[in-house]
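Q: Just passing along the structure, written as structure tokens.
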Amino acid sequence: MTYWVEEEEKKVHGKVYIIKDRCKQCGFCIEFCPQGVLQQSEEFNAKGYHPPKLVETDEKKCVGCGFCQMICPDFAIFVEKEEENEERD
Amino acid sequence: MARVGVFVCHCGLNIAGVVDVKKVAEELIKEKDVVFSTTYAYMCSDPGQNLIREKIKEHRLDSVVIAACSPSMHEETFRNATRDLINPYRLEIANIREQDSWVHESKDATEKAIKITKATVEKVKSNEELEPIKIDVERKALVIGGGVAGIQAALDIADAGYEVILVEKEPSIGGRMAQLSETFPTLDCSQCILTPKMVSVARHPNIKLLTYAEVVGIDGFVGNFNVRIKKKPRYVDIDKCTACGDCEDVCTVIVPNEFEFGRKPRKAIYIPFPQAVPAAYVIDEQSCLGIAPLRCGECAKACEADAINYDMQPEYIEEKVGAIVVATGYDLYDKNNLVEYGYGEDADIITSLEFERMLSAGGPTQGKVIKPSNGKEAKKIVFIQCAGSRDKQHKPYCSSICCMYTAKHALLFKHHVEDGEAYIFYIDIRATGKNYEEFIARVMEEERINYIRGKPAKIYRQGDKIVVEGVDTLLGKSVKIEADLVVLAMAIVPRNEAKDVARLLKVAIDEHGFFKEAHPKLRPVEAVTRGIFFAGCSQAPKDIPASVAQASAAASKVIAMFSHEKLEKEPIVAMFGDACTGCRTCFYICPFNAIALDSKGKAYGIEALCEGCGVCVAACPVGNIKLPNYEDEQIKKMVEVILE
């Protein structure tokens with residue numbers, strides 16, 4: 001779908017930070033992310049769990065709602081909002 | 001002893017040209033109980049009606065048979081003309097036109113006419129004298145659809161002092177007219193002339209406006225419809241929302257705006273367009289990150305008016321109304337069906353309504369005419385009329401408004417882009433409205449738009465340009481235009497939801513999906529079902545003046561209905577005896593849900609709902625149900641006479 005708008009629409013993105021060693025693989029963040037940004041990784045952390053990682057296909061998919069940060073029982077994930085100008089396609 | 005009079009109509013040559021009417025009259029006078037018979041050129045004329053009245057008095061007739069056209073044409077005329085002399089149900093029509101003269105050759109036709117008339121005499125002799133059933137009217141109307149037609153109908157009914165419920169599926173009223181830039185032929189700004197009406201709807205004390213709502217159930221009958229309306233959760237309190245837009249700023253979800261045909265983005269919380277009525281935001285359930293407040297909740301945090309409520313549930317409203325106006329409007333023909341013009345595949349080929357948005361000051365481009373593929377100004381535009389209309393492969397009918405709006409588009413384009421060139425491919429120019437032809441002439445001559453008579457044969461992309469190849473059939477030459485933009489004047493089709501509405505209302509739609517009026521010329525706003533009326537493009541493609549006129553016509557029909565103390569209904573309804581065995585055969589078979597069961601499981605009829613179809617009479621295994629004036633004995637006698 002091509003937009004005809006003149007001015008470039010500002011789209012809010014979030015940057016997800018994962019503190020891998022705190023994770024105990026409850027899977028809440030993966031389950032509840034409304035944008036489906038997260039998935040389970042193959043790697044092990046210090047506790048022997050698989051921490052989450054970002055789905056690589058679209059880095060801009062995260063809109064920074066912060067739900068993962070709110071729901072994580074171990075404070076292992078947080079989000080920073082960043083605004084940028086998306087290029088007109 | 002009955003005293004029957006027989007009146008045979010010539011109907012000009014419609015009947016008399018085939019049937020020997022004199023002979024019919026002569027044969028009928030020989031029948032037992034027939035004391036008088038005659039023929040007349042036009043029984044339905046005033047002198048014809050007077051003739052019947054005089055003869056009733058002169059011969060002290062107590063029953064009348066009129067051998068003429070279908071009872072659907074003039075039964076009412078004749079019954080009304082003689083109402084003070086005989087009971088209306090002692091007058092019957094023998095149909096010797098539709099069922100005889102129009103379908104048979106001379107000799108057989110006369111014989112059949114005699115038999116039909118004799119059988120009717122046999123019936124009328126044992127007809128009971130009946131009185132019409134009186135039914136109450138709920139003086140409240142339902143209008144389905146909040147486009148210009150629905151708005152006009154609602155305002156007219158409400159101004160007459162009756163309550164109106166206006167149901168609109170979208171978050172705002174306004175419909176298609178709200179999407180247009182300017183209107184032909186006067187070039188008024190469409191929204192500027194529509195928004196005052198929209199505001200009056202919102203402010204009118206007699207109008208209850210239900211937006212983001214759908215009618216999900218209708219039963220009942222004229223004067224007494226029960227309507228069930230589903231109000232979809234808007235998640236924003238209309239009364240509290242001040243339309244400040246703070247919520248929109250913080251919303252992180254961006255999706256295409258349907259009002260702009262996806263040519264402009266919107267947030268998951270949005271207002272369809274700035275002049276929306278009601279002026280309140282709405283949350284799009286599908287794209288919102290989560291209605292559960294924990295998930296995002298940014299908009300609720302930003303809302304100072306505290307208008308956002310994630311706990312809203314669908315609300316069901318039950319209303320009782322007396323009349324229904326259907327104004328569900330139109331859509332454009334599905335673009336996927338027009339692959340020959342490349343629509344949907346190429347960004348520089350757009351529809352007429354998309355072009356309206358492009359021309360609109362409030363649209364995605366703020367009124368700039370651009371070439372969507374590169375965003376630069378479009379200098380050369382090809383307009384193609386009848387894209388899908390007047391085409392046996394697509395829609396055979398004329399969409400009625402495309403000639404005019406394409407001329408308007410070309411004119412507005414020339415005003416926006418001074419050095420622009422516009423070409424219009426057309427089959428014919430149909431400009432039949434007031435001042436329409438003058439408008440077309442102005443566009444052709446003053447604005448120097450190139451009208452090319454013909455249909456394009458081929459449209460393809462070549463580099464930066466869209467190449468349109470066709471034949472100018474007036475010059476007999478082939479033409480090849482390298483355009484920046486191609487605008488297709490798509491065929492008008494009924495809204496998809498019209499089918500569902502038709503099913504709910506049990507009204508007919510035609511082969512193209514438009515609502516079918518009771519009579520194409522004389523009852524153009526009424527459905528066959530009493531109490532249901534049509535307005536706007538749901539009935540046929542039409543322009544704004546015609547939609548508004550039809551809406552006012554529908555409203556006046558509703559007002560006329562509401563001005564009666566009681567409505568009258570045919571007394572030919574199923575009558576139940578005492579012999580019911582409780583088998584429920586009739587209960588299940590009745591197409592009008594007019595049969596109910598009492599506490600002992602025995603069936604009884606609901607007079608007001610019964611249409612007198614007689615299905616239950618035939619189905620009852622113990623013969624417990626009767627239809628007055630269609631009793632078994634009467635029908636047996638009629639059959640006997642016919643088989644003599």
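Identifiers in this document derive from the order of the structure tokens: chains are assigned A, B, ..., residues are numbered from 1 separately in each chain, and ligands are numbered from 1 in order of occurrence.
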Name the residues in contact with range 82-92 of chain B at a cut-off of 12 Å, using only C-alpha atoms, excluding same-chain residues fewer than 4 positions from it; report them as a PyMOL selection string.

A: chain B and resi 2-7+48-58+60-72+74-78+116-132+570-572+628-630

Q: DSSP says alpha helix (DSSP H) for which residues of chain A? Put them as a short mmCIF file (atom, residue, chain, number, x, y, z; two decimals) with N, CA, C and O atoms, in the first residue's frame?

A:
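Output saved as states-v7.cif:
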```
data_model
loop_
_atom_site.label_atom_id
_atom_site.label_comp_id
_atom_site.auth_asym_id
_atom_site.auth_seq_id
_atom_site.Cartn_x
_atom_site.Cartn_y
_atom_site.Cartn_z
N PHE A 28 7.10 -15.25 29.08
CA PHE A 28 6.02 -14.25 29.09
C PHE A 28 6.20 -13.20 28.01
O PHE A 28 5.26 -12.83 27.31
N CYS A 29 7.43 -12.72 27.87
CA CYS A 29 7.67 -11.63 26.91
C CYS A 29 7.36 -12.09 25.49
O CYS A 29 6.78 -11.34 24.70
N ILE A 30 7.76 -13.33 25.19
CA ILE A 30 7.51 -13.85 23.84
C ILE A 30 6.02 -14.03 23.62
O ILE A 30 5.46 -13.64 22.60
N GLU A 31 5.37 -14.57 24.65
CA GLU A 31 3.94 -14.86 24.55
C GLU A 31 3.11 -13.59 24.40
O GLU A 31 2.17 -13.53 23.63
N PHE A 32 3.48 -12.54 25.14
CA PHE A 32 2.60 -11.38 25.23
C PHE A 32 2.96 -10.22 24.32
O PHE A 32 2.22 -9.27 24.23
N PHE A 67 5.51 -3.40 27.08
CA PHE A 67 4.75 -4.43 27.77
C PHE A 67 5.66 -5.54 28.29
O PHE A 67 5.46 -6.07 29.38
N CYS A 68 6.71 -5.87 27.53
CA CYS A 68 7.63 -6.93 27.93
C CYS A 68 8.33 -6.54 29.24
O CYS A 68 8.48 -7.33 30.15
N GLN A 69 8.69 -5.27 29.29
CA GLN A 69 9.38 -4.72 30.46
C GLN A 69 8.48 -4.82 31.69
O GLN A 69 8.92 -5.15 32.78
N MET A 70 7.19 -4.56 31.47
CA MET A 70 6.24 -4.55 32.57
C MET A 70 5.96 -5.97 33.06
O MET A 70 5.74 -6.20 34.24
N ILE A 71 5.96 -6.91 32.14
CA ILE A 71 5.51 -8.25 32.50
C ILE A 71 6.65 -9.15 32.97
O ILE A 71 6.42 -10.15 33.62
#
```

Q: Using only C-alpha atoms, tabulate the residues of chain B lying at most 9 Å from any atom of chain A, each with its closest atom pair and that distance in Å to one decimal, by chain and increasing residue number, as a tab-separated table.

A:
```
residue	atom	partner	partner_atom	distance
B:Val250	CA	A:Val12	CA	8.9
B:Cys251	CA	A:Val12	CA	8.8
B:Thr252	CA	A:Val63	CA	5.8
B:Val253	CA	A:Val63	CA	7.3
B:Ile254	CA	A:Lys11	CA	7.7
B:Pro256	CA	A:Met1	CA	7.9
B:Gly262	CA	A:Met1	CA	6.9
B:Arg263	CA	A:Tyr3	CA	4.4
B:Lys264	CA	A:Tyr3	CA	5.1
B:Pro265	CA	A:Tyr3	CA	6.9
B:Cys288	CA	A:Pro34	CA	9.0
B:Leu289	CA	A:Pro34	CA	5.5
B:Gly290	CA	A:Pro34	CA	7.0
B:Leu294	CA	A:Phe67	CA	7.2
B:Arg295	CA	A:Phe67	CA	5.3
B:Cys296	CA	A:Cys65	CA	5.3
B:Gly297	CA	A:Cys65	CA	8.4
B:Glu298	CA	A:Cys65	CA	7.9
B:Ala347	CA	A:Thr2	CA	7.5
B:Met358	CA	A:Trp4	CA	8.5
B:Gly363	CA	A:Val5	CA	8.8
B:Pro364	CA	A:Val5	CA	5.1
B:Thr365	CA	A:Val5	CA	5.6
B:Gln366	CA	A:Val5	CA	8.5
B:Ile370	CA	A:Trp4	CA	8.3
B:Pro372	CA	A:Trp4	CA	6.3
B:Ser373	CA	A:Thr2	CA	8.4
B:Gly375	CA	A:Trp4	CA	7.3
```

Q: Near Asp108 in chain B, counting only C-alpha atoms, which residues have an atom at most 10 Å away, once you skip same-chain residues fewer than 6 positions from it, shown as a PyMOL selection string?

A: chain B and resi 18-19+100-101

Q: Run DSSP on the backbone and give me the residues of range 110-331 of chain B it puts in strand (DSSP E or B), as a ChimeraX atom specification.

A: /B:133-135,140-144,163-167,182-183,188-189,207-210,213-221,224-231,236,254-256,265-267,269-270,282-283,308,315-321,323-326,330-331

Q: Would you work out the distance separating CA of Ile466 in chain B from CA of Leu488 in chain B, expressed in Å to one decimal?

A: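 Computing it gives 13.2 Å between the two atoms.
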
Q: Do you have the CA of Gly150 in chain B-CA of Ala327 in chain B distance handy?

A: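 So the answer is 5.4 Å.
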
Q: Using only C-alpha atoms, which protein or nucleic acid residues come within 10 Å of Met561 in chain B? Drop anything in the same chain fewer than 2 positions from it, and give the result as a CSV table (one decimal) with N, CA and C atoms, in the first residue's frame.

A:
```csv
chain,number,residue,atom,x,y,z
B,137,VAL,N,-49.7,1.7,15.1
B,137,VAL,CA,-48.5,2.1,14.5
B,137,VAL,C,-47.6,2.7,15.6
B,139,ARG,N,-44.9,5.2,16.2
B,139,ARG,CA,-44.6,6.4,15.5
B,139,ARG,C,-43.1,6.7,15.7
B,222,VAL,N,-45.3,-4.1,9.3
B,222,VAL,CA,-45.5,-2.7,9.2
B,222,VAL,C,-46.2,-2.1,10.5
B,223,GLY,N,-45.6,-1.0,10.9
B,223,GLY,CA,-46.1,-0.3,12.1
B,223,GLY,C,-45.6,-0.9,13.4
B,322,GLY,N,-42.0,1.8,13.5
B,322,GLY,CA,-43.1,1.6,12.7
B,322,GLY,C,-42.8,1.5,11.2
B,323,ALA,N,-41.6,2.2,10.8
B,323,ALA,CA,-41.2,2.2,9.4
B,323,ALA,C,-39.7,2.2,9.3
B,531,GLY,N,-44.2,-0.7,4.7
B,531,GLY,CA,-43.4,-0.1,5.9
B,531,GLY,C,-41.9,0.0,5.6
B,555,ALA,N,-39.1,9.8,3.2
B,555,ALA,CA,-39.6,10.4,4.4
B,555,ALA,C,-41.0,10.8,4.4
B,556,SER,N,-41.5,11.3,3.3
B,556,SER,CA,-42.9,11.8,3.2
B,556,SER,C,-43.8,10.6,3.3
B,557,LYS,N,-43.4,9.4,2.7
B,557,LYS,CA,-44.1,8.2,2.8
B,557,LYS,C,-44.3,7.7,4.3
B,558,VAL,N,-43.2,7.9,5.0
B,558,VAL,CA,-43.2,7.4,6.4
B,558,VAL,C,-44.1,8.4,7.2
B,559,ILE,N,-44.0,9.7,6.9
B,559,ILE,CA,-44.8,10.6,7.6
B,559,ILE,C,-46.3,10.4,7.4
B,563,SER,N,-49.2,9.5,10.1
B,563,SER,CA,-50.3,10.4,10.4
B,563,SER,C,-51.6,9.7,10.6
B,564,HIS,N,-51.6,8.4,10.3
B,564,HIS,CA,-52.9,7.6,10.5
B,564,HIS,C,-53.0,7.1,11.9
B,565,GLU,N,-54.2,7.2,12.4
B,565,GLU,CA,-54.5,6.7,13.8
B,565,GLU,C,-54.1,5.2,13.9
B,566,LYS,N,-54.6,4.4,12.9
B,566,LYS,CA,-54.4,3.0,12.9
B,566,LYS,C,-54.1,2.6,11.4
B,567,LEU,N,-53.4,1.5,11.2
B,567,LEU,CA,-53.2,1.0,9.9
B,567,LEU,C,-54.2,-0.1,9.6
```

Q: As an exercise, work out the distance from CA of Glu319 in chain B to CA of Arg228 in chain B in Å and give it to one decimal place.

A: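 Rounded to one decimal, the two atoms are 6.5 Å apart.
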
Q: Wanna dump the range 337-397 of chain B-range 168-186 of chain B contacts at 7 Å for me, each residue with its shortest atom pair and the distance in Å to one decimal, counting only C-alpha atoms, ordered by chain and number, as JSON lines?

A:
```
{"residue": "B:Glu356", "atom": "CA", "partner": "B:Leu180", "partner_atom": "CA", "distance": 5.3}
{"residue": "B:Arg357", "atom": "CA", "partner": "B:Gln179", "partner_atom": "CA", "distance": 6.5}
{"residue": "B:Leu359", "atom": "CA", "partner": "B:Ser181", "partner_atom": "CA", "distance": 6.0}
{"residue": "B:Ser360", "atom": "CA", "partner": "B:Ser181", "partner_atom": "CA", "distance": 4.6}
```

Q: Show which residues sit within 9 Å of Lys24 in chain A, as a list in words. Count only C-alpha atoms, and ignore same-chain residues fewer than 3 positions away.

A: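 The residues that qualify are Lys20, Asp21, Gly27, Asn45, Lys47, Gly48, Tyr49, His50, Pro51, Asp74 and Ala76 of chain A.
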
Q: Using only C-alpha atoms, which protein or nucleic acid residues come within 8 Å of range 582-596 of chain B? Drop anything in the same chain fewer than 4 positions from it, and give the result as a short mmCIF file (atom, residue, chain, number, x, y, z; two decimals) with N, CA and C atoms, in the first residue's frame.

A:
```
data_model
loop_
_atom_site.label_atom_id
_atom_site.label_comp_id
_atom_site.auth_asym_id
_atom_site.auth_seq_id
_atom_site.Cartn_x
_atom_site.Cartn_y
_atom_site.Cartn_z
N GLY B 601 -50.02 -26.36 24.10
CA GLY B 601 -49.34 -26.81 22.89
C GLY B 601 -50.21 -26.70 21.65
N LYS B 602 -51.34 -26.05 21.78
CA LYS B 602 -52.21 -25.91 20.60
C LYS B 602 -51.89 -24.62 19.85
N ALA B 603 -52.01 -24.70 18.53
CA ALA B 603 -51.60 -23.57 17.69
C ALA B 603 -52.68 -22.50 17.62
N TYR B 604 -52.23 -21.24 17.60
CA TYR B 604 -53.15 -20.14 17.31
C TYR B 604 -52.43 -19.12 16.43
N GLY B 605 -53.21 -18.33 15.70
CA GLY B 605 -52.61 -17.41 14.73
C GLY B 605 -52.41 -16.02 15.32
N ILE B 606 -51.38 -15.33 14.82
CA ILE B 606 -51.19 -13.93 15.19
C ILE B 606 -51.63 -13.11 13.97
N GLU B 607 -52.81 -12.55 14.09
CA GLU B 607 -53.46 -11.89 12.94
C GLU B 607 -52.55 -10.88 12.24
N ALA B 608 -51.90 -10.06 13.06
CA ALA B 608 -51.14 -8.95 12.48
C ALA B 608 -49.98 -9.43 11.63
N LEU B 609 -49.45 -10.60 11.92
CA LEU B 609 -48.31 -11.10 11.16
C LEU B 609 -48.72 -11.92 9.96
N CYS B 610 -49.95 -12.47 10.00
CA CYS B 610 -50.39 -13.40 8.95
C CYS B 610 -50.56 -12.66 7.62
N GLU B 611 -50.00 -13.23 6.56
CA GLU B 611 -50.13 -12.62 5.23
C GLU B 611 -51.18 -13.34 4.39
N VAL B 615 -50.53 -21.54 3.43
CA VAL B 615 -49.68 -22.73 3.54
C VAL B 615 -50.14 -23.61 4.71
N CYS B 616 -50.46 -22.98 5.84
CA CYS B 616 -50.86 -23.75 7.02
C CYS B 616 -52.20 -24.46 6.77
N ALA B 619 -51.47 -27.50 5.00
CA ALA B 619 -50.62 -28.45 5.74
C ALA B 619 -51.34 -29.11 6.90
N CYS B 620 -52.33 -28.46 7.48
CA CYS B 620 -52.95 -28.99 8.71
C CYS B 620 -53.58 -30.36 8.43
#
```

Q: Show which residues sit within 8 Å of Gln39 in chain A, as a list in words. Count only C-alpha atoms, and ignore same-chain residues fewer than 3 positions away.

A: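 Contacts, with the query itself left out: Ile30, Gly36, Pro52, Lys53, Leu54 and Val55 of chain A.
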
Q: Let's have the selection written as a PDB file, in the first residue's frame, with all heavy atoms.

A:
```pdb
ATOM      1  N   ILE A  30       7.757 -13.326  25.193  1.00  0.00           N
ATOM      2  CA  ILE A  30       7.513 -13.850  23.843  1.00  0.00           C
ATOM      3  C   ILE A  30       6.018 -14.025  23.623  1.00  0.00           C
ATOM      4  O   ILE A  30       5.458 -13.640  22.600  1.00  0.00           O
ATOM      5  CB  ILE A  30       8.244 -15.205  23.662  1.00  0.00           C
ATOM      6  CG1 ILE A  30       9.753 -15.003  23.817  1.00  0.00           C
ATOM      7  CG2 ILE A  30       7.896 -15.838  22.329  1.00  0.00           C
ATOM      8  CD1 ILE A  30      10.546 -16.281  23.965  1.00  0.00           C
ATOM      9  N   GLY A  36       4.901  -9.331  18.200  1.00  0.00           N
ATOM     10  CA  GLY A  36       5.606 -10.576  17.873  1.00  0.00           C
ATOM     11  C   GLY A  36       7.085 -10.348  17.575  1.00  0.00           C
ATOM     12  O   GLY A  36       7.634 -10.887  16.624  1.00  0.00           O
ATOM     13  N   PRO A  52      15.397 -14.750  25.557  1.00  0.00           N
ATOM     14  CA  PRO A  52      14.772 -14.400  24.271  1.00  0.00           C
ATOM     15  C   PRO A  52      15.736 -13.633  23.381  1.00  0.00           C
ATOM     16  O   PRO A  52      16.749 -13.105  23.845  1.00  0.00           O
ATOM     17  CB  PRO A  52      13.602 -13.514  24.688  1.00  0.00           C
ATOM     18  CG  PRO A  52      14.028 -12.922  25.986  1.00  0.00           C
ATOM     19  CD  PRO A  52      14.897 -13.938  26.671  1.00  0.00           C
ATOM     20  N   LYS A  53      15.423 -13.563  22.116  1.00  0.00           N
ATOM     21  CA  LYS A  53      16.172 -12.695  21.202  1.00  0.00           C
ATOM     22  C   LYS A  53      15.180 -12.053  20.225  1.00  0.00           C
ATOM     23  O   LYS A  53      14.018 -12.457  20.148  1.00  0.00           O
ATOM     24  CB  LYS A  53      17.230 -13.496  20.447  1.00  0.00           C
ATOM     25  CG  LYS A  53      16.650 -14.546  19.515  1.00  0.00           C
ATOM     26  CD  LYS A  53      17.716 -15.141  18.628  1.00  0.00           C
ATOM     27  CE  LYS A  53      17.102 -16.130  17.648  1.00  0.00           C
ATOM     28  NZ  LYS A  53      18.033 -16.780  16.793  1.00  0.00           N
ATOM     29  N   LEU A  54      15.631 -11.059  19.514  1.00  0.00           N
ATOM     30  CA  LEU A  54      14.750 -10.373  18.573  1.00  0.00           C
ATOM     31  C   LEU A  54      14.552 -11.206  17.316  1.00  0.00           C
ATOM     32  O   LEU A  54      15.474 -11.896  16.873  1.00  0.00           O
ATOM     33  CB  LEU A  54      15.338  -9.017  18.175  1.00  0.00           C
ATOM     34  CG  LEU A  54      15.307  -7.934  19.254  1.00  0.00           C
ATOM     35  CD1 LEU A  54      16.099  -6.731  18.775  1.00  0.00           C
ATOM     36  CD2 LEU A  54      13.888  -7.529  19.568  1.00  0.00           C
ATOM     37  N   VAL A  55      13.357 -11.129  16.772  1.00  0.00           N
ATOM     38  CA  VAL A  55      13.095 -11.737  15.464  1.00  0.00           C
ATOM     39  C   VAL A  55      13.840 -10.869  14.452  1.00  0.00           C
ATOM     40  O   VAL A  55      13.645  -9.654  14.424  1.00  0.00           O
ATOM     41  CB  VAL A  55      11.585 -11.754  15.155  1.00  0.00           C
ATOM     42  CG1 VAL A  55      11.329 -12.311  13.774  1.00  0.00           C
ATOM     43  CG2 VAL A  55      10.847 -12.575  16.197  1.00  0.00           C
TER      44      VAL A  55
END
```

Q: Of the residues B:Asp632, B:Glu568, B:Asp348, B:Asp331, which is the one nearest to Ile492 in chain B, using only C-alpha atoms?

A: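 Ranked by minimum distance to Ile492 in chain B, first place goes to B:Asp331.
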
Q: Choose the residue, out of B:Glu304, B:Glu214, B:Asp334, B:Asp159, that has the smallest atom-to-atom separation from Tyr316 in chain B; count only C-alpha atoms.

A: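 Using only C-alpha atoms, Tyr316 in chain B sits closest to B:Glu214.
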